[in-house]
$ cat protein.cif   # mmCIF, C-alpha atoms
data_model
#
loop_
_atom_site.label_atom_id
_atom_site.label_comp_id
_atom_site.auth_asym_id
_atom_site.auth_seq_id
_atom_site.Cartn_x
_atom_site.Cartn_y
_atom_site.Cartn_z
CA MET U 287 140.51 165.31 156.58
CA ALA U 288 143.59 166.87 155.07
CA ASP U 289 146.75 165.11 153.98
CA ASP U 290 148.90 166.68 156.70
CA ILE U 291 148.90 163.66 159.02
CA ASP U 292 152.48 162.68 159.82
CA MET U 293 153.40 159.97 157.35
CA ALA U 294 156.53 158.49 158.91
CA GLU U 295 159.16 156.63 156.95
CA PRO U 296 160.13 153.11 158.12
CA ALA U 297 163.18 154.44 159.96
CA GLU U 298 161.23 157.17 161.77
CA ALA U 299 157.92 156.63 163.49
CA THR U 300 155.52 159.15 164.95
CA SER U 301 153.82 158.64 168.30
CA VAL U 302 150.18 157.67 168.71
CA GLU U 303 149.68 160.97 170.56
CA SER U 304 151.10 162.96 167.64
CA PHE U 305 148.94 161.00 165.21
CA HIS U 306 145.90 161.63 167.42
CA GLU U 307 146.59 165.37 167.45
CA SER U 308 146.99 165.46 163.66
CA LEU U 309 143.84 163.42 163.10
CA GLU U 310 141.80 165.48 165.58
CA ALA U 311 142.92 168.74 163.96
CA THR U 312 141.83 167.64 160.50
CA LEU U 313 138.77 165.49 161.23
CA GLY U 314 135.49 166.58 159.70
CA GLU U 315 132.51 166.39 162.08
CA ASN U 316 130.80 163.45 160.42
CA GLU U 317 133.44 162.30 157.96
CA PRO U 318 132.92 158.56 157.39
CA MET U 319 136.03 156.47 157.85
CA CYS U 320 137.58 153.40 159.32
CA LEU U 321 140.75 153.39 161.37
CA ALA U 322 142.81 150.19 161.22
CA MET U 323 145.82 149.35 163.34
CA ILE U 324 148.28 146.79 162.03
CA ARG U 325 151.07 145.43 164.22
CA ILE U 326 153.87 143.06 163.30
CA ARG U 327 153.50 140.26 165.83
CA VAL U 328 156.32 139.00 168.01
CA ASP U 329 156.77 135.41 169.12
CA ALA U 330 155.43 135.26 172.67
CA ASP U 331 155.31 131.48 173.09
CA GLY U 332 158.38 130.34 171.19
CA ASP U 333 156.42 128.42 168.55
CA GLY U 334 158.22 130.17 165.70
CA ASP U 335 154.89 131.49 164.43
CA ALA U 336 156.02 135.10 164.56
CA SER U 337 159.36 136.83 164.28
CA SER U 338 160.97 137.31 167.70
CA VAL U 339 162.01 140.86 166.89
CA PRO U 340 161.01 142.41 163.57
CA ASN U 341 164.11 143.83 161.90
CA ASP U 342 164.17 147.00 159.82
CA ASP U 343 163.88 145.01 156.57
CA ALA U 344 160.71 143.27 157.79
CA VAL U 345 159.18 146.57 158.95
CA ALA U 346 160.05 148.23 155.64
CA ALA U 347 158.61 145.29 153.67
CA VAL U 348 155.31 145.43 155.58
CA GLN U 349 155.13 149.22 155.13
CA THR U 350 155.84 148.91 151.40
CA ARG U 351 153.20 146.22 150.91
CA LEU U 352 150.71 148.17 153.02
CA SER U 353 151.33 151.30 150.95
CA THR U 354 150.55 149.39 147.74
CA GLN U 355 147.11 148.59 149.16
CA LEU U 356 146.17 152.25 149.72
CA ARG U 357 143.54 153.94 147.64
CA GLY U 358 144.02 157.58 146.67
CA TYR U 359 142.20 158.92 149.73
CA ASP U 360 143.58 156.49 152.34
CA LEU U 361 146.31 157.58 154.74
CA MET U 362 148.97 155.55 156.53
CA ALA U 363 151.39 156.32 159.34
CA ARG U 364 153.89 154.25 161.28
CA VAL U 365 153.35 154.96 164.97
CA ASP U 366 156.07 152.91 166.60
CA GLY U 367 158.64 150.30 165.75
CA ARG U 368 156.13 147.74 164.50
CA THR U 369 152.69 149.38 164.39
CA PHE U 370 150.94 151.15 161.53
CA ILE U 371 147.70 153.12 161.45
CA LEU U 372 145.63 153.16 158.30
CA VAL U 373 142.86 155.70 157.82
CA VAL U 374 140.42 154.38 155.25
CA LYS U 375 138.37 157.40 154.27
CA THR U 376 134.77 157.35 153.04
CA LEU U 377 134.25 153.82 154.30
CA ALA U 378 131.37 153.53 156.74
CA ASP U 379 129.60 150.40 155.50
CA VAL U 380 130.55 147.56 157.84
CA ARG U 381 130.07 144.87 155.15
CA VAL U 382 132.47 146.67 152.81
CA LEU U 383 134.89 147.27 155.68
CA ASP U 384 134.82 143.61 156.64
CA SER U 385 135.68 142.56 153.08
CA ARG U 386 138.37 145.24 152.69
CA MET U 387 140.05 144.39 156.01
CA PHE U 388 140.10 140.64 155.23
CA GLU U 389 141.62 141.38 151.80
CA LEU U 390 144.22 143.64 153.40
CA TYR U 391 145.02 141.11 156.13
CA ASN U 392 145.39 138.28 153.59
CA ARG U 393 147.71 140.39 151.43
CA LEU U 394 149.86 141.33 154.43
CA ALA U 395 149.98 137.68 155.56
CA GLU U 396 151.63 136.53 152.31
CA PRO U 397 155.38 135.76 152.68
CA TYR U 398 157.89 138.56 152.07
CA ASP U 399 161.11 138.36 150.05
CA LEU U 400 163.77 139.21 152.64
CA ASP U 401 167.41 138.61 151.73
CA GLY U 402 166.42 136.27 148.91
CA SER U 403 164.16 134.05 151.05
CA GLU U 404 160.39 133.93 151.33
CA VAL U 405 159.73 134.80 154.98
CA PRO U 406 156.41 135.10 156.80
CA VAL U 407 156.04 138.32 158.79
CA PRO U 408 152.94 137.71 160.93
CA VAL U 409 150.68 140.67 161.59
CA ALA U 410 147.60 141.39 163.67
CA LEU U 411 144.94 143.79 162.38
CA GLY U 412 142.20 145.55 164.33
CA ALA U 413 139.80 148.12 162.88
CA ALA U 414 136.93 150.34 163.93
CA VAL U 415 134.36 152.27 161.90
CA ARG U 416 133.96 155.85 163.06
CA LEU U 417 130.69 156.53 164.83
CA PRO U 418 128.83 159.77 163.98
CA ALA U 419 130.78 162.78 165.37
CA GLU U 420 133.16 160.46 167.23
CA PRO U 421 136.32 162.26 168.40
CA ALA U 422 139.64 160.99 167.07
CA GLY U 423 140.78 159.80 170.50
CA GLU U 424 137.77 157.54 170.92
CA LEU U 425 138.16 156.11 167.41
CA ILE U 426 141.85 155.42 168.02
CA ALA U 427 141.00 153.78 171.37
CA ARG U 428 138.38 151.51 169.80
CA ALA U 429 140.77 150.52 167.00
CA GLY U 430 143.39 149.80 169.68
CA LYS U 431 140.94 147.50 171.46
CA ALA U 432 140.26 145.69 168.19
CA LEU U 433 144.02 145.28 167.65
CA ALA U 434 144.46 143.94 171.19
CA ALA U 435 141.67 141.43 170.54
CA ALA U 436 143.31 140.38 167.26
CA GLU U 437 146.64 139.89 169.03
CA ALA U 438 144.98 137.92 171.85
CA ALA U 439 143.50 135.61 169.21
CA GLY U 440 146.96 135.00 167.75
CA GLY U 441 146.59 137.35 164.78
CA LYS U 442 144.72 134.66 162.84
CA ALA U 443 142.17 137.12 161.35
CA PRO U 444 141.32 140.80 161.52
CA VAL U 445 139.06 141.98 164.35
CA LEU U 446 136.48 144.63 163.46
CA ILE U 447 134.45 146.69 165.91
#
$ encode --input "protein.cif" --output "structure tokens"
Amino acid sequence: MADDIDMAEPAEATSVESFHESLEATLGENEPMCLAMIRIRVDADGDGDASSVPNDDAVAAVQTRLSTQLRGYDLMARVDGRTFILVVKTLADVRVLDSRMFELYNRLAEPYDLDGSEVPVPVALGAAVRLPAEPAGELIARAGKALAAAEAAGGKAPVLI
């Protein structure tokens, strides 16, 4: 996979469709990888557990922290106001993926310094390992299902499929 996937800045996000097209165009036939989706959670039940609407500072802080967790061959894109896609290349071992995703989730779950205060910015993380010769659309769909499952569980831990 080439490095020409749209890497959006915090103020400008690409669409999932655009990301899918870029990934599909550059995907090697059997290139091992994991695709993770990370979404800043919103407070659905009023318990104060998640920010009601993530502001630009919170989105930028999550993107900055996420970018510090990338290895040289990983790719990241912001695909809407509060969702990021991370392509973890050369990672096909589920045990290693499980460990890496828990480490990433735990790092993202640490409080953020926003306006001089330590503020939690809750996230949900879902990830899928690419199956042999799996098209990009199917991998993105499976990662989306994992993210939905993580959100349904309250974003308490990453969900891997």
$ closest_residue --input "protein.cif" --among "U:Val380, U:Leu309, U:Ala344, U:Ile324" --to "U:Val405" --atoms "only C-alpha atoms"
U:Ala344
$ residues_around --input "protein.cif" --residues "U:Val409" --least-positions-apart "6" --cutoff "8 Å" --atoms "all atoms listed in the file" --output "NGL selection string"
:U and (324-327 or 391 or 394-395 or 441)
$ resolve_selection --input "protein.cif" --expression "the PyMOL selection byres ((chain U and resi 431) around 10)" --output "list in words"
Met323, Gly412, Ala413, Ala414, Leu425, Ile426, Ala427, Arg428, Ala429, Gly430, Ala432, Leu433, Ala434, Ala435, Ala436, Glu437, Val445, Leu446 and Ile447 of chain U
$ resolve_selection --input "protein.cif" --expression "the PyMOL selection byres ((chain U and resi 383) around 12)" --output "ChimeraX atom specification"
/U:318-322,373-382,384-391,412-416,444-447
$ write_last_selection --input "protein.cif" --atoms "C-alpha atoms" --output "compact mmCIF listing (two decimals), keeping the file's coordinate frame"
# COMPACT_ATOMS: atom_id res chain seq x y z
CA PRO U 318 132.92 158.56 157.39
CA MET U 319 136.03 156.47 157.85
CA CYS U 320 137.58 153.40 159.32
CA LEU U 321 140.75 153.39 161.37
CA ALA U 322 142.81 150.19 161.22
CA VAL U 373 142.86 155.70 157.82
CA VAL U 374 140.42 154.38 155.25
CA LYS U 375 138.37 157.40 154.27
CA THR U 376 134.77 157.35 153.04
CA LEU U 377 134.25 153.82 154.30
CA ALA U 378 131.37 153.53 156.74
CA ASP U 379 129.60 150.40 155.50
CA VAL U 380 130.55 147.56 157.84
CA ARG U 381 130.07 144.87 155.15
CA VAL U 382 132.47 146.67 152.81
CA ASP U 384 134.82 143.61 156.64
CA SER U 385 135.68 142.56 153.08
CA ARG U 386 138.37 145.24 152.69
CA MET U 387 140.05 144.39 156.01
CA PHE U 388 140.10 140.64 155.23
CA GLU U 389 141.62 141.38 151.80
CA LEU U 390 144.22 143.64 153.40
CA TYR U 391 145.02 141.11 156.13
CA GLY U 412 142.20 145.55 164.33
CA ALA U 413 139.80 148.12 162.88
CA ALA U 414 136.93 150.34 163.93
CA VAL U 415 134.36 152.27 161.90
CA ARG U 416 133.96 155.85 163.06
CA PRO U 444 141.32 140.80 161.52
CA VAL U 445 139.06 141.98 164.35
CA LEU U 446 136.48 144.63 163.46
CA ILE U 447 134.45 146.69 165.91
$ atom_distance --input "protein.cif" --atom1 "atom CA of U:Ile371" --atom2 "atom CA of U:Ser304"
12.1 Å
$ closest_residue --input "protein.cif" --among "U:Thr354, U:Pro408, U:Ala346, U:Glu420" --to "U:Glu396" --atoms "all atoms listed in the file"
U:Pro408
$ build_atoms --input "protein.cif" --residues "stretch 408-440 of chain U" --atoms "N, CA and C atoms" --output "short mmCIF file (atom, residue, chain, number, x, y, z; two decimals), in the frame of the given file"
data_model
loop_
_atom_site.label_atom_id
_atom_site.label_comp_id
_atom_site.auth_asym_id
_atom_site.auth_seq_id
_atom_site.Cartn_x
_atom_site.Cartn_y
_atom_site.Cartn_z
N PRO U 408 154.31 137.72 160.41
CA PRO U 408 152.94 137.71 160.93
C PRO U 408 152.49 139.07 161.44
N VAL U 409 151.25 139.40 161.14
CA VAL U 409 150.68 140.67 161.59
C VAL U 409 149.34 140.41 162.27
N ALA U 410 148.95 141.36 163.10
CA ALA U 410 147.60 141.39 163.67
C ALA U 410 146.96 142.67 163.16
N LEU U 411 145.64 142.63 162.92
CA LEU U 411 144.94 143.79 162.38
C LEU U 411 143.63 143.98 163.16
N GLY U 412 143.45 145.18 163.67
CA GLY U 412 142.20 145.55 164.33
C GLY U 412 141.69 146.83 163.71
N ALA U 413 140.37 146.95 163.55
CA ALA U 413 139.80 148.12 162.88
C ALA U 413 138.48 148.52 163.52
N ALA U 414 138.19 149.81 163.42
CA ALA U 414 136.93 150.34 163.93
C ALA U 414 136.37 151.34 162.92
N VAL U 415 135.05 151.28 162.73
CA VAL U 415 134.36 152.27 161.90
C VAL U 415 134.02 153.45 162.78
N ARG U 416 134.26 154.64 162.29
CA ARG U 416 133.96 155.85 163.06
C ARG U 416 132.46 156.00 163.26
N LEU U 417 132.08 156.24 164.50
CA LEU U 417 130.69 156.53 164.83
C LEU U 417 130.40 157.99 164.50
N PRO U 418 129.14 158.37 164.30
CA PRO U 418 128.83 159.77 163.98
C PRO U 418 129.41 160.74 165.02
N ALA U 419 130.15 161.73 164.56
CA ALA U 419 130.78 162.78 165.37
C ALA U 419 131.73 162.24 166.44
N GLU U 420 132.24 161.04 166.26
CA GLU U 420 133.16 160.46 167.23
C GLU U 420 134.49 161.19 167.20
N PRO U 421 135.00 161.62 168.36
CA PRO U 421 136.32 162.26 168.40
C PRO U 421 137.43 161.28 168.02
N ALA U 422 138.52 161.82 167.52
CA ALA U 422 139.64 160.99 167.07
C ALA U 422 140.15 160.09 168.18
N GLY U 423 140.26 160.60 169.39
CA GLY U 423 140.78 159.80 170.50
C GLY U 423 139.96 158.57 170.77
N GLU U 424 138.64 158.69 170.68
CA GLU U 424 137.77 157.54 170.92
C GLU U 424 137.89 156.53 169.78
N LEU U 425 137.99 157.01 168.55
CA LEU U 425 138.16 156.11 167.41
C LEU U 425 139.48 155.36 167.51
N ILE U 426 140.55 156.05 167.86
CA ILE U 426 141.85 155.42 168.02
C ILE U 426 141.79 154.38 169.14
N ALA U 427 141.12 154.71 170.25
CA ALA U 427 141.00 153.78 171.37
C ALA U 427 140.24 152.52 170.97
N ARG U 428 139.15 152.68 170.23
CA ARG U 428 138.38 151.51 169.80
C ARG U 428 139.18 150.65 168.83
N ALA U 429 139.92 151.29 167.92
CA ALA U 429 140.77 150.52 167.00
C ALA U 429 141.87 149.80 167.78
N GLY U 430 142.39 150.44 168.81
CA GLY U 430 143.39 149.80 169.68
C GLY U 430 142.83 148.58 170.39
N LYS U 431 141.58 148.66 170.83
CA LYS U 431 140.94 147.50 171.46
C LYS U 431 140.76 146.37 170.46
N ALA U 432 140.40 146.71 169.23
CA ALA U 432 140.26 145.69 168.19
C ALA U 432 141.62 145.04 167.90
N LEU U 433 142.68 145.83 167.87
CA LEU U 433 144.02 145.28 167.65
C LEU U 433 144.41 144.36 168.80
N ALA U 434 144.14 144.79 170.03
CA ALA U 434 144.46 143.94 171.19
C ALA U 434 143.70 142.61 171.11
N ALA U 435 142.45 142.66 170.69
CA ALA U 435 141.67 141.43 170.54
C ALA U 435 142.26 140.55 169.44
N ALA U 436 142.70 141.15 168.35
CA ALA U 436 143.31 140.38 167.26
C ALA U 436 144.61 139.72 167.74
N GLU U 437 145.40 140.45 168.51
CA GLU U 437 146.64 139.89 169.03
C GLU U 437 146.36 138.76 170.03
N ALA U 438 145.35 138.94 170.88
CA ALA U 438 144.98 137.92 171.85
C ALA U 438 144.52 136.63 171.16
N ALA U 439 143.95 136.77 169.98
CA ALA U 439 143.50 135.61 169.21
C ALA U 439 144.61 135.05 168.33
N GLY U 440 145.83 135.53 168.50
CA GLY U 440 146.96 135.00 167.75
C GLY U 440 147.14 135.60 166.37
#
